[in-house]
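Shown next: start_22.txt, given as compact mmCIF, C-alpha atoms and all ligand atoms.
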# COMPACT_ATOMS: atom_id res chain seq x y z
CA MET A 1 -19.20 23.73 12.22
CA VAL A 2 -19.20 20.02 13.08
CA SER A 3 -22.09 18.75 15.23
CA SER A 4 -22.24 15.59 17.32
CA GLN A 5 -24.60 14.20 14.64
CA ASP A 6 -21.87 14.76 12.04
CA ILE A 7 -19.43 12.82 14.22
CA GLU A 8 -21.98 9.99 14.61
CA ARG A 9 -22.44 9.89 10.86
CA ALA A 10 -18.69 9.85 10.31
CA VAL A 11 -18.29 6.95 12.73
CA ALA A 12 -21.08 5.06 10.93
CA VAL A 13 -19.32 5.63 7.58
CA LEU A 14 -16.00 4.38 9.00
CA ARG A 15 -17.66 1.31 10.56
CA ALA A 16 -19.31 0.52 7.22
CA GLY A 17 -15.90 0.61 5.49
CA GLY A 18 -16.33 4.03 3.91
CA LEU A 19 -14.04 7.05 3.72
CA VAL A 20 -14.28 10.22 5.78
CA ALA A 21 -12.20 13.32 5.16
CA PHE A 22 -11.50 15.12 8.42
CA PRO A 23 -9.57 18.15 9.61
CA THR A 24 -6.36 17.86 11.57
CA GLU A 25 -4.07 20.61 12.77
CA THR A 26 -1.56 19.73 10.01
CA VAL A 27 -3.70 19.20 6.87
CA TYR A 28 -6.99 17.39 6.10
CA GLY A 29 -6.82 13.60 6.22
CA LEU A 30 -8.66 11.02 4.12
CA GLY A 31 -9.54 8.42 6.70
CA ALA A 32 -10.55 4.76 6.72
CA ASP A 33 -10.88 2.17 9.48
CA ALA A 34 -7.25 1.05 9.85
CA ALA A 35 -8.40 -2.47 10.78
CA ASN A 36 -10.47 -2.90 7.59
CA VAL A 37 -8.34 -3.94 4.60
CA GLU A 38 -11.00 -3.19 1.98
CA ALA A 39 -11.63 0.27 3.43
CA VAL A 40 -7.92 1.11 3.44
CA LYS A 41 -7.64 -0.09 -0.18
CA LYS A 42 -10.28 2.50 -1.11
CA VAL A 43 -8.01 5.27 0.21
CA PHE A 44 -5.30 4.23 -2.24
CA ALA A 45 -7.80 4.00 -5.09
CA VAL A 46 -9.38 7.40 -4.45
CA LYS A 47 -6.02 9.13 -3.98
CA ARG A 48 -4.46 7.20 -6.89
CA ARG A 49 -1.63 6.51 -4.52
CA PRO A 50 0.91 3.73 -5.16
CA THR A 51 0.24 0.91 -2.68
CA HIS A 52 3.78 0.80 -1.27
CA HIS A 53 3.33 4.28 0.26
CA PRO A 54 2.32 3.54 3.84
CA LEU A 55 -0.39 5.45 5.71
CA ILE A 56 -0.30 7.07 9.13
CA VAL A 57 -2.59 5.47 11.74
CA HIS A 58 -4.34 8.15 13.80
CA VAL A 59 -5.44 7.33 17.34
CA ALA A 60 -7.15 9.34 20.09
CA ASP A 61 -4.39 9.05 22.68
CA ALA A 62 -0.98 7.57 23.41
CA VAL A 63 -2.49 4.66 25.37
CA GLN A 64 -3.84 3.23 22.10
CA VAL A 65 -0.36 3.03 20.58
CA ALA A 66 0.08 -0.34 22.31
CA ASN A 67 -2.70 -1.72 20.03
CA TRP A 68 -0.70 -0.88 16.92
CA ALA A 69 2.97 -1.15 17.86
CA ARG A 70 5.25 -3.59 19.71
CA ASP A 71 8.64 -3.21 21.45
CA ILE A 72 7.85 0.45 22.10
CA PRO A 73 11.14 2.10 23.16
CA PRO A 74 11.30 4.64 26.04
CA PRO A 75 12.02 7.60 23.69
CA ALA A 76 8.56 7.03 22.12
CA GLN A 77 6.94 7.67 25.49
CA GLU A 78 9.03 10.77 25.96
CA LEU A 79 8.04 12.15 22.53
CA ALA A 80 4.39 11.24 23.09
CA ARG A 81 4.39 12.98 26.47
CA ARG A 82 6.05 16.06 25.03
CA PHE A 83 4.38 16.46 21.61
CA TRP A 84 1.03 14.60 21.59
CA PRO A 85 -1.61 15.46 20.80
CA GLY A 86 0.13 17.37 18.04
CA PRO A 87 1.81 17.43 14.61
CA LEU A 88 4.30 14.60 15.19
CA THR A 89 4.22 11.12 13.62
CA ILE A 90 6.27 8.37 15.26
CA ILE A 91 7.42 5.24 13.39
CA LEU A 92 7.49 2.10 15.56
CA ARG A 93 7.62 -1.67 15.03
CA ARG A 94 4.15 -2.82 14.08
CA ALA A 95 1.93 -5.04 16.18
CA PRO A 96 1.02 -8.35 14.47
CA ARG A 97 -2.59 -7.20 13.84
CA VAL A 98 -1.52 -4.25 11.62
CA HIS A 99 -2.32 -5.06 8.00
CA ASP A 100 0.26 -4.90 5.21
CA VAL A 101 -2.01 -2.56 3.27
CA VAL A 102 -1.50 0.09 5.99
CA THR A 103 2.28 -0.27 6.26
CA GLY A 104 3.13 -0.91 2.62
CA GLY A 105 4.24 -4.38 3.71
CA GLN A 106 6.88 -3.03 6.08
CA ASP A 107 7.43 -4.22 9.63
CA THR A 108 6.92 -0.66 10.90
CA VAL A 109 3.86 1.49 11.48
CA ALA A 110 3.42 5.28 11.56
CA LEU A 111 1.31 6.60 14.48
CA ARG A 112 -0.03 10.01 15.37
CA VAL A 113 -2.37 11.56 17.93
CA PRO A 114 -3.78 14.70 16.29
CA SER A 115 -4.85 17.66 18.42
CA HIS A 116 -7.59 19.15 16.21
CA PRO A 117 -10.83 18.99 18.25
CA VAL A 118 -12.80 17.47 15.35
CA ALA A 119 -10.13 14.80 14.77
CA GLN A 120 -10.11 14.11 18.50
CA ALA A 121 -13.92 13.85 18.65
CA LEU A 122 -13.95 11.50 15.65
CA LEU A 123 -11.19 9.24 16.99
CA ARG A 124 -12.75 9.07 20.47
CA ALA A 125 -16.20 8.24 19.11
CA PHE A 126 -14.79 5.69 16.65
CA GLY A 127 -12.58 4.10 19.26
CA GLY A 128 -10.17 2.46 16.80
CA GLY A 129 -7.37 3.63 14.56
CA VAL A 130 -8.03 5.69 11.45
CA ALA A 131 -5.53 5.20 8.62
CA ALA A 132 -5.26 8.48 6.78
CA PRO A 133 -2.97 10.11 4.28
CA SER A 134 -3.45 13.73 3.31
CA ALA A 135 -6.76 14.34 1.52
CA ASN A 136 -5.40 15.18 -1.92
CA ARG A 137 -4.60 13.29 -5.13
CA PHE A 138 -1.22 11.61 -5.01
CA GLY A 139 1.70 14.01 -5.46
CA ARG A 140 -0.46 17.12 -5.31
CA VAL A 141 -0.77 19.96 -2.83
CA SER A 142 -2.34 18.90 0.48
CA ALA A 143 -5.75 20.30 1.44
CA THR A 144 -6.01 22.68 4.39
CA THR A 145 -9.76 23.42 4.08
CA ALA A 146 -12.86 21.26 3.60
CA GLU A 147 -13.57 23.12 0.37
CA HIS A 148 -10.17 22.13 -1.04
CA VAL A 149 -10.94 18.50 -0.21
CA ARG A 150 -14.31 18.68 -2.00
CA LYS A 151 -12.74 20.32 -5.03
CA GLU A 152 -10.07 17.63 -5.16
CA PHE A 153 -12.38 14.61 -4.90
CA GLY A 154 -15.87 15.77 -5.86
CA GLY A 155 -18.41 13.14 -4.86
CA GLU A 156 -15.89 10.33 -4.42
CA ILE A 157 -15.79 10.64 -0.62
CA GLU A 158 -18.90 9.84 1.43
CA LEU A 159 -18.32 12.56 4.00
CA VAL A 160 -16.12 15.62 4.52
CA LEU A 161 -16.08 17.03 8.05
CA ASP A 162 -15.56 20.79 7.90
CA GLY A 163 -13.37 21.95 10.79
CA GLY A 164 -12.18 25.18 9.25
CA GLU A 165 -8.61 25.92 8.17
CA SER A 166 -5.86 23.60 9.38
CA ASP A 167 -3.77 25.54 11.87
CA VAL A 168 -0.25 24.39 11.01
CA GLY A 169 -0.82 23.95 7.28
CA LEU A 170 2.06 21.51 6.69
CA GLU A 171 2.15 17.72 7.05
CA SER A 172 3.40 16.27 10.36
CA THR A 173 7.03 15.88 11.32
CA ILE A 174 7.93 12.16 11.01
CA VAL A 175 10.50 10.59 13.32
CA ASP A 176 11.57 6.95 13.04
CA LEU A 177 12.39 5.21 16.32
CA THR A 178 12.99 1.73 14.88
CA GLY A 179 16.64 2.15 13.93
CA ALA A 180 19.84 2.29 15.94
CA ARG A 181 19.45 6.06 16.04
CA PRO A 182 16.26 8.17 15.91
CA ALA A 183 15.88 9.53 12.39
CA LEU A 184 13.95 12.48 11.01
CA LEU A 185 12.10 11.20 7.92
CA ARG A 186 10.06 14.31 7.15
CA PRO A 187 10.59 17.81 8.56
CA GLY A 188 7.50 19.54 9.91
CA TRP A 189 6.36 22.21 12.31
CA ILE A 190 8.02 20.39 15.22
CA THR A 191 11.68 20.99 14.38
CA ALA A 192 14.67 18.65 14.49
CA SER A 193 16.17 20.60 17.38
CA GLN A 194 12.95 20.38 19.44
CA LEU A 195 13.06 16.60 18.95
CA GLU A 196 16.75 16.43 19.79
CA ARG A 197 16.15 18.36 23.00
CA ALA A 198 13.32 16.01 23.99
CA LEU A 199 15.34 12.91 23.07
CA GLY A 200 18.58 14.15 24.57
CA ARG A 201 20.53 12.97 21.53
CA PRO A 202 21.15 13.97 17.91
CA LEU A 203 18.86 12.79 15.11
CA ALA A 204 19.87 11.26 11.82
CA LEU A 205 18.59 13.79 9.29
CA PRO A 206 16.59 13.10 6.07
CA GLY A 207 18.64 11.63 3.29
CA ALA A 208 20.92 9.74 5.69
CA ASP A 209 18.85 6.61 5.03
CA ALA A 210 16.40 7.45 2.26
CA ALA A 211 15.29 3.83 1.86
CA ARG A 212 13.51 4.08 5.21
CA ALA A 213 11.23 6.91 4.15
CA PRO A 214 8.92 5.48 1.50
CA GLY A 215 6.68 8.14 0.09
CA THR A 216 9.07 11.01 0.68
CA LEU A 217 9.60 11.62 -3.00
CA PRO A 218 11.72 14.32 -4.61
CA SER A 219 8.57 15.52 -6.39
CA HIS A 220 5.53 15.93 -4.15
CA TYR A 221 3.12 18.60 -2.89
CA ALA A 222 3.17 20.02 -6.40
CA PRO A 223 0.79 22.36 -8.19
CA GLN A 224 0.00 21.67 -11.89
CA THR A 225 1.82 24.81 -12.99
CA PRO A 226 5.65 24.52 -13.11
CA LEU A 227 7.06 26.12 -9.97
CA VAL A 228 10.47 27.74 -9.46
CA VAL A 229 11.98 28.95 -6.19
CA ILE A 230 14.17 32.04 -6.67
CA GLU A 231 15.99 34.66 -4.64
CA GLY A 232 13.97 37.73 -3.67
CA ASP A 233 16.28 40.20 -5.41
CA LEU A 234 15.74 38.45 -8.78
CA LEU A 235 11.99 37.96 -8.41
CA GLY A 236 10.60 41.23 -9.76
CA GLU A 237 13.02 41.20 -12.69
CA LEU A 238 12.23 37.61 -13.66
CA ALA A 239 8.47 38.17 -13.38
CA ALA A 240 8.79 41.23 -15.61
CA ALA A 241 10.88 39.28 -18.15
CA PHE A 242 8.14 36.63 -18.36
CA VAL A 243 5.49 39.27 -18.98
CA ARG A 244 7.56 40.97 -21.69
CA GLN A 245 7.74 37.60 -23.48
CA GLY A 246 3.94 37.46 -23.43
CA ARG A 247 3.81 34.76 -20.76
CA ARG A 248 1.60 34.81 -17.69
CA VAL A 249 3.25 34.44 -14.35
CA ALA A 250 2.05 33.90 -10.77
CA VAL A 251 4.23 34.95 -7.85
CA LEU A 252 4.40 34.01 -4.18
CA ALA A 253 6.49 36.82 -2.72
CA LEU A 254 7.78 37.36 0.77
CA SER A 255 9.71 40.63 0.87
CA ALA A 256 10.02 41.52 -2.83
CA SER A 257 7.83 44.36 -4.06
CA GLN A 258 5.44 43.92 -6.96
CA PRO A 259 6.56 45.42 -10.28
CA VAL A 260 4.10 47.89 -11.79
CA LEU A 261 3.05 45.65 -14.68
CA GLN A 262 -0.16 44.01 -15.93
CA GLY A 263 -0.32 40.23 -16.24
CA ILE A 264 1.23 39.15 -12.97
CA THR A 265 -0.83 37.31 -10.35
CA TRP A 266 0.89 38.32 -7.13
CA ILE A 267 0.46 37.09 -3.57
CA THR A 268 2.58 38.47 -0.72
CA ALA A 269 2.88 35.78 1.94
CA PRO A 270 3.02 36.35 5.72
CA ARG A 271 6.59 37.12 6.86
CA ASP A 272 6.56 34.82 9.90
CA ALA A 273 7.12 31.08 9.39
CA ALA A 274 3.90 30.06 11.20
CA GLY A 275 1.76 32.39 9.12
CA TYR A 276 3.58 31.41 5.92
CA ALA A 277 3.08 27.67 6.57
CA HIS A 278 -0.57 28.14 7.52
CA ALA A 279 -1.34 29.90 4.23
CA LEU A 280 1.13 28.05 1.94
CA TYR A 281 -1.09 25.40 0.35
CA ALA A 282 -4.05 27.74 -0.06
CA ASN A 283 -1.67 30.22 -1.71
CA LEU A 284 -0.25 27.56 -4.04
CA ARG A 285 -3.77 26.46 -4.99
CA GLY A 286 -4.77 30.05 -5.65
CA LEU A 287 -1.73 30.66 -7.85
CA ASP A 288 -2.28 27.35 -9.65
CA GLU A 289 -5.89 28.33 -10.42
CA ALA A 290 -4.64 31.49 -12.13
CA ALA A 291 -3.48 29.04 -14.86
CA CYS A 292 -0.23 30.85 -15.61
CA ASP A 293 2.84 29.53 -17.43
CA ALA A 294 4.89 29.48 -14.23
CA ILE A 295 4.71 30.03 -10.49
CA LEU A 296 7.70 31.93 -9.09
CA VAL A 297 8.24 31.57 -5.34
CA GLU A 298 10.56 33.87 -3.42
CA ARG A 299 13.07 31.73 -1.51
CA PRO A 300 12.29 31.85 2.24
CA PRO A 301 15.05 32.23 4.83
CA ALA A 302 17.22 29.18 5.59
CA ALA A 303 16.52 29.40 9.35
CA PRO A 304 15.42 26.21 11.21
CA GLU A 305 11.77 27.26 11.62
CA TRP A 306 11.56 27.51 7.81
CA ALA A 307 13.05 24.01 7.22
CA ALA A 308 9.72 22.23 6.63
CA ILE A 309 8.52 25.06 4.36
CA ASN A 310 11.73 24.89 2.29
CA ASP A 311 11.42 21.11 2.12
CA ARG A 312 7.87 21.32 0.68
CA LEU A 313 8.77 24.11 -1.75
CA ASN A 314 11.76 22.14 -3.07
CA ARG A 315 9.52 19.12 -3.69
CA ALA A 316 6.85 21.31 -5.27
CA ALA A 317 9.54 22.65 -7.61
CA THR A 318 10.77 19.24 -8.75
CA ASN A 319 9.31 17.87 -12.00
CA ALA A 320 7.01 14.89 -11.70
CA GLU A 321 9.20 13.12 -14.30
CA SER A 322 11.90 12.72 -11.67
CA ASP A 323 9.58 10.83 -9.29
CA GLN A 324 11.43 7.94 -7.71
CA PRO A 325 9.03 5.40 -6.22
P1 LIG A 401 0.89 11.52 3.77
O1 LIG A 401 0.94 10.84 2.46
O2 LIG A 401 1.12 12.98 3.62
O3 LIG A 401 -0.25 11.21 4.61
O4 LIG A 401 2.12 10.99 4.61
C1 LIG A 401 2.25 9.66 4.97
C2 LIG A 401 3.72 9.42 4.99
O5 LIG A 401 4.12 8.82 6.22
C3 LIG A 401 4.20 8.43 3.96
O6 LIG A 401 4.30 9.01 2.70
C4 LIG A 401 5.53 7.99 4.52
O7 LIG A 401 6.56 8.88 4.15
C5 LIG A 401 5.30 8.09 6.01
N1 LIG A 401 5.14 6.77 6.60
C6 LIG A 401 3.98 6.16 6.90
N2 LIG A 401 4.21 4.94 7.42
C7 LIG A 401 5.54 4.77 7.44
C8 LIG A 401 6.41 3.71 7.85
N3 LIG A 401 5.92 2.57 8.35
N4 LIG A 401 7.72 3.90 7.72
C9 LIG A 401 8.21 5.04 7.23
N5 LIG A 401 7.45 6.08 6.80
C10 LIG A 401 6.13 5.95 6.91
MG MG A 402 0.38 13.49 1.33
This entry written out as structure tokens:
Amino acid sequence: MVSSQDIERAVAVLRAGGLVAFPTETVYGLGADAANVEAVKKVFAVKRRPTHHPLIVHVADAVQVANWARDIPPPAQELARRFWPGPLTIILRRAPRVHDVVTGGQDTVALRVPSHPVAQALLRAFGGGVAAPSANRFGRVSATTAEHVRKEFGGEIELVLDGGESDVGLESTIVDLTGARPALLRPGWITASQLERALGRPLALPGADAARAPGTLPSHYAPQTPLVVIEGDLLGELAAAFVRQGRRVAVLALSASQPVLQGITWITAPRDAAGYAHALYANLRGLDEAACDAILVERPPAAPEWAAINDRLNRAATNAESDQP
């Protein structure tokens, strides 16, 4: 899907200060040369992202972390050894060379070594750090295919590398190692208990220190259509009530069975957390495109492997009006 010529082109675009969308195992990223202030500014402009929301710097391997961070504590090495390359972002104190535009002016920097072969090839060929948020308009559902990226941005991005569907389908787990205690800033496919086992100590969980997690807004990852998360045993009934009122409804079900009624767009999601996460954003986009009056989502289990999924669904369900910068 991606040739070595494509990688060469992508590197040339990055070196010239342009933007490249690229696949990672979590979601697609919208990348710029992290050392080029003007290039990074373009990311914010294209995404329409507020400038105080910092970006994650992607590097090819853990050795490069020393170029971007200082005072790296031993637990960072342990997490890197255990989870990189992979869907984990680590917050560290920034090295002096890291520009404010990347960190939102903070003294910390977010770093990740992605495992997707195309991301790896790009980062190795480029050699430097690539600052990249998810390749979607601010606040919207992340893109897990190249086609979703193109639909979202049209011709505004010079190059989109097509590496197929993102495996994980949810944004990376973010852990902050700059405080007195390691803190989980964003749940992801790597769970809190996996991190606690690797660190040998408990984590502070999200919400304990919300000020440290800029960009983790109550409303995020949201489709255009209003979305509600409801219990499975109420789903069929509520969908039917909508239809009887002459409204169109789209449903993301898990175990509930579809009522025999016209006018419902119905998707039954995979029952395992990995399959559910992998398909989630494509499912939400599909339901959004049905242009209904509401999207009803059956509430997934509360088990730990569903934590990141529940986190994203709760943010998708929150109205944009309640956005707290
Ligand atoms: P995304 O917008 O999905 O690419 O995710 C990037 C997220 O990483 C931001 O919204 C922040 O929540 C988080 N992040 C990046 N840099 C930092 C930082 N220095 N400190 C805390 N969180 C950060
Ligand atoms: Mg994002």
Sorted per-residue table, chain A near ligand LIG 401 (chain A), closest atoms and distance, 8 Å, all atoms listed in the file, as CSV:
residue,atom,partner,partner_atom,distance
A:Gly29,CA,A:LIG401,O3,7.2
A:His53,CA,A:LIG401,O6,5.4
A:Pro54,CA,A:LIG401,N2,4.3
A:Leu55,CA,A:LIG401,C6,4.6
A:Ile56,CA,A:LIG401,C6,4.9
A:Thr89,CA,A:LIG401,O5,7.7
A:Ile91,CA,A:LIG401,N4,5.8
A:Leu92,CA,A:LIG401,N3,7.4
A:Val102,CA,A:LIG401,N2,7.6
A:Thr103,CA,A:LIG401,N3,5.1
A:Gly104,CA,A:LIG401,N3,7.3
A:Gln106,CA,A:LIG401,N3,6.1
A:Asp107,CA,A:LIG401,N3,7.1
A:Thr108,CA,A:LIG401,N3,4.2
A:Val109,CA,A:LIG401,N3,3.9
A:Ala110,CA,A:LIG401,N2,4.2
A:Leu111,CA,A:LIG401,N2,7.8
A:Ala132,CA,A:LIG401,O3,6.1
A:Pro133,CA,A:LIG401,O3,3.0
A:Ser134,CA,A:LIG401,O3,4.3
A:Ala135,CA,A:LIG401,O3,7.9
A:Phe138,CA,A:LIG401,O1,7.8
A:Ser142,CA,A:LIG401,O2,7.5
A:Glu171,CA,A:LIG401,O2,5.9
A:Ser172,CA,A:LIG401,O2,7.8
A:Ile174,CA,A:LIG401,C5,7.0
A:Asp176,CA,A:LIG401,C9,7.0
A:Leu185,CA,A:LIG401,N5,7.0
A:Arg186,CA,A:LIG401,O7,7.1
A:Arg212,CA,A:LIG401,C9,5.8
A:Ala213,CA,A:LIG401,N5,4.7
A:Pro214,CA,A:LIG401,O7,4.9
A:Gly215,CA,A:LIG401,O6,3.6
A:Thr216,CA,A:LIG401,O7,4.8
**Report entry** Neighbour list for Gly232 of chain A as a ChimeraX atom specification, cut-off 9 Å, all atoms listed in the file, skip fewer than 2 positions in-chain
**Finding:** /A:230,234-236,253-256,297-300
Query raised in the report: If you measure from atom CA of Val98 of chain A to atom CA of Ala39 of chain A, what distance in Å do you get, rounded to one decimal?
Result: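 Atom CA of Val98 of chain A sits 13.8 Å away from atom CA of Ala39 of chain A.
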Query - Best match for closeness to ligand MG 402 (chain A) among A:Gln258, A:Asn36, A:Thr265, A:Thr144, counting all atoms listed in the file - result: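 Selected residue with least distance to ligand MG 402 (chain A): A:Thr144.
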Query - Selection: 8 Å around Ala76 of chain A, all atoms listed in the file, excl. self and same-chain fewer than 4 positions, as a ChimeraX atom specification - result: /A:72,80,90,177
Completed segment 221-231 of chain A (all heavy atoms) as an mmCIF file, in the coordinates of the input:
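Saved file part_5.cif follows:
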data_model
loop_
_atom_site.group_PDB
_atom_site.id
_atom_site.type_symbol
_atom_site.label_atom_id
_atom_site.label_comp_id
_atom_site.auth_asym_id
_atom_site.auth_seq_id
_atom_site.Cartn_x
_atom_site.Cartn_y
_atom_site.Cartn_z
ATOM 1 N N TYR A 221 3.720 17.342 -3.336
ATOM 2 C CA TYR A 221 3.120 18.600 -2.890
ATOM 3 C C TYR A 221 3.118 19.632 -4.024
ATOM 4 O O TYR A 221 3.328 20.817 -3.793
ATOM 5 C CB TYR A 221 3.898 19.190 -1.695
ATOM 6 C CG TYR A 221 4.273 18.172 -0.636
ATOM 7 C CD1 TYR A 221 5.594 17.784 -0.445
ATOM 8 C CD2 TYR A 221 3.299 17.606 0.163
ATOM 9 C CE1 TYR A 221 5.925 16.844 0.528
ATOM 10 C CE2 TYR A 221 3.625 16.670 1.126
ATOM 11 C CZ TYR A 221 4.943 16.296 1.305
ATOM 12 O OH TYR A 221 5.281 15.375 2.257
ATOM 13 N N ALA A 222 2.920 19.149 -5.255
ATOM 14 C CA ALA A 222 3.170 20.020 -6.400
ATOM 15 C C ALA A 222 1.898 20.552 -7.046
ATOM 16 O O ALA A 222 0.953 19.805 -7.279
ATOM 17 C CB ALA A 222 3.988 19.252 -7.440
ATOM 18 N N PRO A 223 1.877 21.842 -7.356
ATOM 19 C CA PRO A 223 0.790 22.360 -8.190
ATOM 20 C C PRO A 223 0.949 21.874 -9.631
ATOM 21 O O PRO A 223 1.977 21.283 -9.983
ATOM 22 C CB PRO A 223 0.970 23.876 -8.113
ATOM 23 C CG PRO A 223 2.307 24.132 -7.535
ATOM 24 C CD PRO A 223 2.852 22.850 -6.991
ATOM 25 N N GLN A 224 -0.071 22.091 -10.466
ATOM 26 C CA GLN A 224 0.000 21.670 -11.890
ATOM 27 C C GLN A 224 0.952 22.560 -12.670
ATOM 28 O O GLN A 224 1.619 22.126 -13.591
ATOM 29 C CB GLN A 224 -1.381 21.763 -12.566
ATOM 30 C CG GLN A 224 -2.547 21.315 -11.718
ATOM 31 C CD GLN A 224 -2.942 19.884 -11.980
ATOM 32 O OE1 GLN A 224 -2.324 19.200 -12.785
ATOM 33 N NE2 GLN A 224 -3.957 19.421 -11.289
ATOM 34 N N THR A 225 0.969 23.836 -12.299
ATOM 35 C CA THR A 225 1.820 24.810 -12.990
ATOM 36 C C THR A 225 3.270 24.604 -12.561
ATOM 37 O O THR A 225 3.522 24.431 -11.377
ATOM 38 C CB THR A 225 1.386 26.240 -12.590
ATOM 39 O OG1 THR A 225 -0.039 26.317 -12.623
ATOM 40 C CG2 THR A 225 1.997 27.283 -13.494
ATOM 41 N N PRO A 226 4.236 24.644 -13.510
ATOM 42 C CA PRO A 226 5.650 24.520 -13.110
ATOM 43 C C PRO A 226 6.009 25.602 -12.086
ATOM 44 O O PRO A 226 5.591 26.750 -12.230
ATOM 45 C CB PRO A 226 6.409 24.751 -14.427
ATOM 46 C CG PRO A 226 5.416 24.505 -15.506
ATOM 47 C CD PRO A 226 4.059 24.796 -14.939
ATOM 48 N N LEU A 227 6.748 25.203 -11.077
ATOM 49 C CA LEU A 227 7.060 26.120 -9.970
ATOM 50 C C LEU A 227 8.582 26.243 -9.835
ATOM 51 O O LEU A 227 9.297 25.252 -9.931
ATOM 52 C CB LEU A 227 6.430 25.563 -8.694
ATOM 53 C CG LEU A 227 6.587 26.344 -7.384
ATOM 54 C CD1 LEU A 227 5.353 26.119 -6.495
ATOM 55 C CD2 LEU A 227 7.842 25.954 -6.613
ATOM 56 N N VAL A 228 9.043 27.467 -9.659
ATOM 57 C CA VAL A 228 10.470 27.740 -9.460
ATOM 58 C C VAL A 228 10.644 28.548 -8.182
ATOM 59 O O VAL A 228 9.872 29.466 -7.922
ATOM 60 C CB VAL A 228 11.077 28.589 -10.606
ATOM 61 C CG1 VAL A 228 12.565 28.339 -10.752
ATOM 62 C CG2 VAL A 228 10.360 28.382 -11.910
ATOM 63 N N VAL A 229 11.658 28.184 -7.391
ATOM 64 C CA VAL A 229 11.980 28.950 -6.190
ATOM 65 C C VAL A 229 13.186 29.828 -6.521
ATOM 66 O O VAL A 229 14.201 29.326 -6.979
ATOM 67 C CB VAL A 229 12.323 28.012 -5.012
ATOM 68 C CG1 VAL A 229 12.590 28.819 -3.746
ATOM 69 C CG2 VAL A 229 11.196 27.013 -4.769
ATOM 70 N N ILE A 230 13.046 31.146 -6.325
ATOM 71 C CA ILE A 230 14.170 32.040 -6.670
ATOM 72 C C ILE A 230 14.410 33.092 -5.587
ATOM 73 O O ILE A 230 13.541 33.375 -4.780
ATOM 74 C CB ILE A 230 13.973 32.745 -8.034
ATOM 75 C CG1 ILE A 230 12.641 33.470 -8.063
ATOM 76 C CG2 ILE A 230 14.086 31.791 -9.187
ATOM 77 C CD1 ILE A 230 12.591 34.462 -9.170
ATOM 78 N N GLU A 231 15.602 33.645 -5.628
ATOM 79 C CA GLU A 231 15.990 34.660 -4.640
ATOM 80 C C GLU A 231 15.123 35.910 -4.816
ATOM 81 O O GLU A 231 14.782 36.298 -5.933
ATOM 82 C CB GLU A 231 17.463 35.057 -4.823
ATOM 83 C CG GLU A 231 18.446 33.897 -4.879
ATOM 84 C CD GLU A 231 18.326 32.941 -3.698
ATOM 85 O OE1 GLU A 231 18.075 33.424 -2.578
ATOM 86 O OE2 GLU A 231 18.455 31.724 -3.919
#
